[in-house]
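Asker: Take a look at the following structure, please.
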Amino acid sequence: MKTPGKLAALLLASLLALSAFAADKQLRIGTLAPKNSLYHRQLMELGEAWRTAQGGSAKYLVYPDGSQGGETDMVRRMRIGQLQGGLLSVVGLREIEPSIAALQNMPLMFRNWEEVDYVREKMRPAMEKKFLDQGFVVLAWGDAGWVRFFSKKPAFRPDDYKAMKFFAWGGEVEQQEIMKRLGYTPVPLETGDILPSIQTGMIDAVPSTPYFALATQIYNSAPNMLDLNWAPIVGALVITRKAWDEMTPEAQAVVREAGARAGAQIRSKARQEVDEAVEAMKKRGLTVNQPNPRQMQEWNELADKLYPQIRGKLVPATTFDEVVGHLKAFRAGKK
């Protein structure tokens with residue numbers, strides 16, 4: 001006959017087991033994307049597919065608007081189990097695997113989305129293996145438009161921005177050092193600090209996609225946009241390998257399919273929304289500044305100065321060279 005003490009211990013063990021089971025049935029995803037945006041909606045659809053496949057009392061939660069902190073914070077939360085996944089740009093993804101920076105941190109390297117898609121597809125299998133080795137599964141690849149420069153005053157040339165205080169990601173110390181060496185003034189901040197900082201004059205210029213500038217109302221305080229595709233914002237939806245391994249095979253298959261579908265939707269619709277965002281902001285007072293050929297040459301010369309500082313620092317040398325090689329092959333095939 002079991003004693004009351006043993007019964008209590010057995011009951012406690014059973015409750016703990018049930019609690020652990022319930023915890024395994026939760027999928028918590030963080031993102032900087034605004035609530036109800038295209039990105040948020042795609043995450044919700046994927047989550048519903050997972051929840052249905054997983055069954056039982058499975059719970060799926062998305063934390064939009066950077067409510068879980070910046071992307072570096074979200075990666076840290078995934079590593080300690082507070083989040084199971086994140087829809088991240090390269091800023092967060094490079095905290096997991098540095099070579100991913102090649103798709104975003106090589107300014108003026110890509111001429112159009114066709115080139116971005118070609119290089120990403122060439123590098124995707126090896127890149128996904130690298131993420132898996134670091135304990136993360138890539139479920140979807142997406143992008144969010146081209147980085148443009150939004151500023152309080154009109155600017156056309158690289159030197160025009162040297163008199164401005166420039167937003168820089170707080171976690172990208174190497175990038176800040178490069179900017180300083182070239183005569184620029186970076187102000188390290190997190191995403192949630194951008195709008196109040198541009199409103200108060202703490203910063204004068206923001207590199208941003210048009211969609212993000214519209215969604216956050218940055219353009220109201222920085223009503224000048226340089227019409228220059230500086231670099232693509234590339235991202236991915238990743239979940240921890242632990243969360244993946246705890247899914248049923250049926251749930252894994254459903255999530256794989258839903259992830260591929262979400263990635264395709266994000267890439268297609270995000271590119272369309274970039275043009276729509278620019279038109280919407282123009283109607284509300286945005287001035288689009290077009291660099292002339294001489295000014296464009298100055299931007300290309302700046303990029304050429306940047307590449308030796310990026311290669312081997314912001315982007316691993318072998319990955320940098322791989323991107324250059326893929327682009328040469330692609331362009332040669334288009335002739």
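Identifiers for the structure tokens are assigned positionally: chains receive A, B, ... in sequence, residues are indexed from 1 per chain, and ligands are indexed from 1 in the order shown.
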For stretch 208-213 of chain A, work out the shell of residues within 9 Å, counting only C-alpha atoms and skipping chain neighbours fewer than 2 positions away, then give it as a count of residues only.
Answerer: 27
Asker: Could you give me, as a ChimeraX atom specification, the residues within 12 Å of A:Gln295, counting only C-alpha atoms and dropping anything in the same chain fewer than 5 positions from it?
Answerer: /A:155-160,226-228,289-290,300-302
Asker: So which residues touch stretch 43-56 of chain A within 9 Å, counting only C-alpha atoms, skipping near sequence neighbours fewer than 4 positions away, as a list of chain:residue names?
Answerer: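 Skipping anything fewer than 4 positions along the chain leaves A:Lys25, A:Gln26, A:Leu27, A:Ile29, A:Leu38, A:Tyr39, A:Tyr60, A:Leu61, A:Val62, A:Leu87, A:Leu237, A:Met247, A:Thr248, A:Glu250, A:Ala251, A:Gln252, A:Val254, A:Val255, A:Ala258, A:Gly259, A:Arg261, A:Ala262.
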Asker: Could you check the closest approach to A:Val75 for each of A:Ala260, A:Ala205, A:Val288, A:Ile239 and tell me which residue wins, using only C-alpha atoms?
Answerer: A:Ile239
Asker: Can you pull out every residue within 12 Å of stretch 177-187 of chain A, counting only C-alpha atoms, but drop anything in the same chain fewer than 3 positions away, and send it as a ChimeraX atom specification?
Answerer: /A:158-174,190,193-194,197-198,201-207,302-303,305-311,313-314
Asker: Give me the residues near A:Gly69 as a list in words, where near means some atom within 12 Å (using only C-alpha atoms) and where sequence neighbours in that chain fewer than 5 positions away do not count.
Answerer: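 The contact residues come out as Gly30, Thr31, Leu32, Ala33, Tyr63, Pro64, Met74, Val75, Arg76, Arg77, Leu83, Gly86, Leu88, Gly92, Gly170, Leu189, Glu190, Thr191, Gly192 and Asp193 of chain A.
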Asker: Nearest to A:Leu103: which of A:Pro196, A:Gly142, A:Pro249, A:Gly285 is it, counting only C-alpha atoms?
Answerer: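 Looking at the shortest contact to A:Leu103, the residue is A:Gly142.
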Asker: Output as a ChimeraX atom specification all residues of stretch 190-334 of chain A that backbone DSSP marks as helix (DSSP H, G or I).
Answerer: /A:191-200,210-216,218-221,241-245,249-283,293-310,317-334
Asker: Could you pull out the residues in stretch 113-319 of chain A that DSSP calls strand (DSSP E) from the backbone, as a PyMOL selection string?
Answerer: chain A and resi 136-146+148-151+165-169+185-189+205-208+224-226+232-240+287-289
Asker: Any chance you can output those residues with N, CA and C atoms as a compact mmCIF listing (two decimals), in the first residue's frame?
Answerer:
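The resulting part-v7.txt:
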# COMPACT_ATOMS: atom_id res chain seq x y z
N PHE A 136 19.08 25.03 -35.94
CA PHE A 136 17.88 25.72 -36.44
C PHE A 136 17.46 25.13 -37.78
N VAL A 137 16.15 25.07 -38.00
CA VAL A 137 15.58 24.58 -39.25
C VAL A 137 14.98 25.76 -40.00
N VAL A 138 15.35 25.93 -41.27
CA VAL A 138 14.80 27.00 -42.10
C VAL A 138 13.51 26.49 -42.74
N LEU A 139 12.41 27.19 -42.47
CA LEU A 139 11.10 26.78 -43.00
C LEU A 139 10.70 27.59 -44.23
N ALA A 140 11.18 28.81 -44.34
CA ALA A 140 10.78 29.66 -45.46
C ALA A 140 11.82 30.75 -45.69
N TRP A 141 12.01 31.10 -46.96
CA TRP A 141 12.87 32.22 -47.33
C TRP A 141 12.00 33.34 -47.87
N GLY A 142 12.29 34.56 -47.44
CA GLY A 142 11.51 35.69 -47.92
C GLY A 142 12.38 36.92 -48.09
N ASP A 143 11.76 38.00 -48.50
CA ASP A 143 12.46 39.28 -48.55
C ASP A 143 11.44 40.39 -48.31
N ALA A 144 11.95 41.61 -48.13
CA ALA A 144 11.05 42.70 -47.73
C ALA A 144 11.31 43.98 -48.51
N GLY A 145 11.89 43.85 -49.69
CA GLY A 145 12.13 45.04 -50.49
C GLY A 145 13.58 45.49 -50.44
N TRP A 146 13.86 46.55 -51.17
CA TRP A 146 15.21 47.13 -51.22
C TRP A 146 15.36 48.22 -50.18
N ARG A 148 16.23 51.69 -49.07
CA ARG A 148 16.36 53.04 -49.61
C ARG A 148 16.74 53.95 -48.44
N PHE A 149 17.25 55.12 -48.74
CA PHE A 149 17.63 56.05 -47.68
C PHE A 149 16.56 57.13 -47.53
N PHE A 150 15.98 57.19 -46.33
CA PHE A 150 14.99 58.21 -45.99
C PHE A 150 15.67 59.26 -45.09
N SER A 151 15.50 60.52 -45.43
CA SER A 151 16.19 61.57 -44.68
C SER A 151 15.32 62.81 -44.52
N LYS A 165 23.09 62.31 -39.03
CA LYS A 165 23.21 61.23 -38.04
C LYS A 165 22.37 60.06 -38.55
N PHE A 166 23.04 58.92 -38.74
CA PHE A 166 22.47 57.79 -39.45
C PHE A 166 22.07 56.68 -38.50
N PHE A 167 20.84 56.17 -38.65
CA PHE A 167 20.44 54.98 -37.87
C PHE A 167 21.33 53.81 -38.23
N ALA A 168 21.76 53.06 -37.21
CA ALA A 168 22.51 51.83 -37.41
C ALA A 168 22.01 50.79 -36.42
N TRP A 169 21.99 49.53 -36.84
CA TRP A 169 21.55 48.46 -35.94
C TRP A 169 22.49 48.39 -34.74
N THR A 185 28.25 59.21 -39.58
CA THR A 185 27.97 59.24 -38.14
C THR A 185 26.85 58.26 -37.81
N PRO A 186 27.16 57.02 -37.48
CA PRO A 186 26.12 56.06 -37.11
C PRO A 186 25.64 56.27 -35.68
N VAL A 187 24.35 56.07 -35.48
CA VAL A 187 23.77 56.13 -34.13
C VAL A 187 23.13 54.77 -33.87
N PRO A 188 23.76 53.94 -33.04
CA PRO A 188 23.23 52.58 -32.81
C PRO A 188 21.94 52.59 -32.01
N LEU A 189 20.90 51.97 -32.59
CA LEU A 189 19.58 51.91 -31.96
C LEU A 189 18.93 50.57 -32.29
N ALA A 205 18.69 60.38 -40.73
CA ALA A 205 18.54 59.52 -41.89
C ALA A 205 18.36 58.07 -41.45
N VAL A 206 17.54 57.35 -42.22
CA VAL A 206 17.23 55.95 -41.89
C VAL A 206 17.29 55.10 -43.16
N PRO A 207 18.12 54.06 -43.18
CA PRO A 207 18.03 53.09 -44.27
C PRO A 207 16.84 52.17 -43.99
N SER A 208 15.89 52.13 -44.90
CA SER A 208 14.65 51.38 -44.64
C SER A 208 14.02 50.95 -45.94
N ASN A 224 12.17 62.60 -47.45
CA ASN A 224 12.97 62.48 -48.66
C ASN A 224 13.48 61.06 -48.81
N MET A 225 13.25 60.46 -49.98
CA MET A 225 13.73 59.11 -50.23
C MET A 225 14.63 59.11 -51.46
N LEU A 226 15.84 58.57 -51.31
CA LEU A 226 16.74 58.42 -52.45
C LEU A 226 16.33 57.18 -53.25
N PRO A 232 19.15 44.41 -50.87
CA PRO A 232 17.88 43.76 -50.57
C PRO A 232 17.81 43.38 -49.10
N ILE A 233 16.61 43.48 -48.53
CA ILE A 233 16.39 42.94 -47.19
C ILE A 233 15.91 41.50 -47.35
N VAL A 234 16.75 40.60 -46.95
CA VAL A 234 16.48 39.17 -47.11
C VAL A 234 16.22 38.56 -45.73
N GLY A 235 15.30 37.63 -45.67
CA GLY A 235 14.98 37.04 -44.38
C GLY A 235 14.57 35.59 -44.50
N ALA A 236 14.32 35.00 -43.35
CA ALA A 236 13.88 33.60 -43.32
C ALA A 236 13.11 33.35 -42.04
N LEU A 237 12.22 32.38 -42.11
CA LEU A 237 11.53 31.88 -40.92
C LEU A 237 12.29 30.66 -40.44
N VAL A 238 12.80 30.73 -39.22
CA VAL A 238 13.53 29.60 -38.66
C VAL A 238 12.87 29.17 -37.35
N ILE A 239 12.97 27.88 -37.05
CA ILE A 239 12.56 27.38 -35.74
C ILE A 239 13.72 26.55 -35.19
N THR A 240 13.71 26.36 -33.90
CA THR A 240 14.78 25.59 -33.28
C THR A 240 14.66 24.11 -33.69
N THR A 287 8.98 63.01 -51.04
CA THR A 287 9.72 63.43 -52.23
C THR A 287 10.71 62.33 -52.60
N VAL A 288 10.65 61.87 -53.84
CA VAL A 288 11.57 60.84 -54.32
C VAL A 288 12.69 61.53 -55.10
N ASN A 289 13.92 61.38 -54.62
CA ASN A 289 15.07 62.03 -55.23
C ASN A 289 15.82 61.03 -56.10
